[in-house]
Structure formats: C-alpha cells, structure tokens
Protein chains: 2
Amino acid sequence: MAIVAEEVKAPGGRRERILRSTIEVIRERGFAGTRVSDIAERAGTSQGLVLYHFGSLAEALSASLTLLEDEFYTELDQELGLAEGPIDRLWHMAELAAGYGPAVGDWRLWLELWARAMHDDNARQARESLDRRWRASLLTVIVDGVASGDFVVADPTRASLRLAALMDGLAIQLALEDPGMTRATFTDLWWEAAVLELQISDPKRHRPPRKRARNRA
Amino acid sequence: MAIVAEEVKAPGGRRERILRSTIEVIRERGFAGTRVSDIAERAGTSQGLVLYHFGSLAEALSASLTLLEDEFYTELDQELGLAEGPIDRLWHMAELAAGYGPAVGDWRLWLELWARAMHDDNARQARESLDRRWRASLLTVIVDGVASGDFVVADPTRASLRLAALMDGLAIQLALEDPGMTRATFTDLWWEAAVLELQISDPKRHRPPRKRARNRA
DNA sequence: CGATAAACTGAATGACCATTCAGATGCCGT
DNA sequence: ACGGCATCTGAATGGTCATTCAGTTTATCG
C-alpha cells in the first residue's frame, strides 16, 4: 500500500497533494469519516503538516471543496469546448454527468456534499454554486438549441430544471450502485427524456457510442 | 427547553419515544452529528437508558431506521387507499413526495440516508427497500393506468424509473431549500413531466388544490 | 557560504463522547 | 408486606481524535 515513487513532484507541491488526498478520502469514507490521520496517510505526510497548512481539519475540508469547484469548472468548460452544435453539446453533458470524467460525474462525492450542505455552510455554498453553474450551462445549451431550431420548447427554464433534476435523481441510483443502473442506462434514460422534453427531431447523429471509458478507481 | 408535560404516556412507552427522538435528531443534525446525549435530551431521559434499551448508539440509529420504514409504509398505504383511479393515485403520490405528510416527503432525512447508505450497511438496506417499495407503487399505478386507458406508455418500467428519479432530483432542491423550489413548484414540475411521459389526456380533474397543508416543525 | 524563514515531523495534550457500572426506583405477583 | 425483576439514573472510565508544540530539516537569498 505504501507507494512512494511518483509522489516527489506532483505539480503544486505538498499542499495541493494534501487537498487531492482529502477529496479522495471524503469520497471513500464520507465527510464524517474523514480524519486528519487519513488525509496525512493518503498524502504520505504527517498529521502535523496537514494542520500546518490548513490550521484545522474543517479548513482542510473546506479548501478541498474549493479545489473541487475548480476542477469541475475546468472539466465542464473543456468538454463543452469540444462539442459543436446544441445537440452535440447536450450529449456531451449527458456523458459528463454519467461519470465519464473525473469531477462532474463523481456522484458519491455529490451525495456527500448534499448531505453536508444541510449542516455546513461552506458545503452549502459550494454545492449551490456548482449546481447553479451546471444548470446555467444546461439552460444555455437549450436556449441555443431553440434559437438554432434543433429544439422546440415552450419554457426553456422549466425544461432545464427538469432535465437537471432528472440527472440528479438517476445519479443517486448510480452512486448507490442500484442493480440495473449503469452509466449506459443513465445516458439512455436521460437522453430519451431529453428527446421528449426538447422535441429533438433530427434522428441522425443521436447517441454516438463513447470513445474512451476512463474513470478513476 | 425542558418541557415535561405530555411526555408521561406517549403510546409505546419510553422505548418508542427514544426512537422517535432519534429520528428527529438525525433530521436536524445528521447521522454524523447525532450523539447519545442529543437523543437522551430530546427524549427527556438519561443517556444510560438509551444504551440500556439499544446497547449502542449504532443499534439505536439502526432501530430508528426500522421505525422509519414502518411509518413510510403505513403512510403510503393509507394515502393510496384514499385515492380512486390511477390519475388520482398518481396525484396523491406526487403530493406525498412533495412533503405533505410526515414520512415519505421528509427529504432531509432522505439525503442523510443516501449519504449514509454509502458507508453503513443498515442504511443501505433500509434505503434500498424503501426505494424499491416506492417505485413498485409507482409502477403499479402506471400499469393500472395503462390497463384502464388513462395512460399511454410504451415501457411502463422505464417511465416509472424516470418519474421516480425526477422526484428524487427535485427533492434535493427542496431539501436544500433552493430558492425557487417549493412544494408547489415540485408538484407542478413533476406533474407536467408525468402528463408528458404518460400521455395523460383527460384534462379535467388534474391538480385539485390540496386540502390540508400540515407538516412537522 | 551562513543565516533566516518556511516546511515538516512525531510525540504530547486535552476535549469530547460512547460505553460501563453500581446502585436507586418503581412494579407485580403472592 | 416482600422478593425479584425490569426500568432507570448519573457518575466514572477509557478510547479516539484534533490540535499544540518543541524541535529538525530543507529551501532561499544576501
């Protein structure tokens, strides 16, 4: 378990390494189960250093949320940059949400964040801005699609609310490993709803198979 | 804060009173934040008694989940018993989910349960059977509606999956008090999706206004 | 080169909590 | 009235952490 090889020069140095470890630990053990010693061990440092950098466990957790936000935004922008028309963009978002990527589709972390948001103010704000951003992107895609004639919707805001909520709901099953819910069914079910909701007409070019299928352990 | 008046004869005695207090505390402080002393204080007893009855905090939490399941089932059955046709039943489920009732629409508790299900096996099982039950009811209503001609659906299972997921997703906003998400918008958005998904044609009798609006503090 | 500061460590320290326990109190059948 | 049993209490007990700290190593810069 004690790999010490590539740790020497992670970009960003020890501090960022600790934050990344923190996120990993939260994902595995939850906010509640995350101890300073877990973070230190995962990062290959001492407990003292974690506190030296962040002052307290609470601060470390909070800072890791900020890092998470950054990665989320980066991933979203990058992926949307690749897509061409509204339909393609929508499809990319579906795949991001289905978990083909490091941050956006990391639903275990989202469930944790939702629960924590009820009791911790940092978490509340983090999840709020992440959610806002996500839904704004979705809305933009829909509005663009309406403008370009790809979609037909009476009320884009309502449509985006619903499609976003549907993702969250499906994601719960995904995160909890409900039998019968896979990434494939996720996109499948969601896309069908989107087609219905947005009256996507053009049947060509729907659901291209995914190229890569990378995901973290 | 120390009210001691009506505690004397809660039906079911001290033991059940402790379980109910446990659920309340979980709702307010989360699983992680729930201490034996919180439960005891809330129930108006000593810490010792909590442990006397349940042996450990973990057991108390677990037992409270069982009570929660019972209440959920009771509430669901009772409410569905009141309804007449498939459309009416569907509407009742929407209202239950929107939080007009003590157990089913208690979404803060659900968020907690989802998060805990990732790390605790009792929670995992509890949420799984609750979820299964809920979705089975929804599926039944849909199938009945198809049989009676009220609904037109190609694949009832997929429809029920989607409609259930949509509820969960909307519920997150509700639980986290997202500005712009109320019980009314919840039913509104969901019902519109249901109408679309199930091709509900009969426009009369849709969305009767709610009679009572009771809810716990 | 020093030397000053930053980064880092590991061993205390102390707070917080679940759990234990020795005993009180009420209850019930006889 | 009394023995025995379940219920109940409040004060220990002990373990598990976050946090502190005295001191060591490493980087930086004149």
# chains A, B, ... in the order shown; residues from 1 in each chain; ligands from 1
$ select_by_dssp --residues "stretch 31-192 of chain A" --states "helix (DSSP H, G or I)" --output "MDAnalysis selection string"
chainID A and resid 31:33 36:43 47:54 57:82 86:97 107:117 121:148 156:175 183:192
$ interface_residues --of "chain B" --to "chain C" --cutoff "12 Å" --atoms "only C-alpha atoms (C1' of nucleotides)" --output "list in words"
Gly33, Thr34, Arg35, Val36, Ser37, Asp38, Gln47, Gly48, Leu49, Val50, Leu51, Tyr52, Phe54, Gly55, Ser56, Leu57 and Ala58 of chain B
$ closest_atom_pairs --of "chain D" --to "chain A" --cutoff "8 Å" --atoms "only C-alpha atoms (C1' of nucleotides)" --output "JSON lines"
{"residue": "D:DC17", "atom": "C1'", "partner": "A:Arg35", "partner_atom": "CA", "distance": 7.8}
{"residue": "D:DA18", "atom": "C1'", "partner": "A:Leu57", "partner_atom": "CA", "distance": 7.5}
{"residue": "D:DT19", "atom": "C1'", "partner": "A:Ser56", "partner_atom": "CA", "distance": 7.8}
$ interface_residues --of "chain A" --to "chain B" --cutoff "8 Å" --atoms "only C-alpha atoms" --output "PyMOL selection string"
chain A and resi 29-30+32+108+111-112+114-115+117-119+158+162+164-170+172+176+189
$ atom_distance --atom1 "atom CA of B:Glu84" --atom2 "atom CA of B:Ala103"
22.0 Å
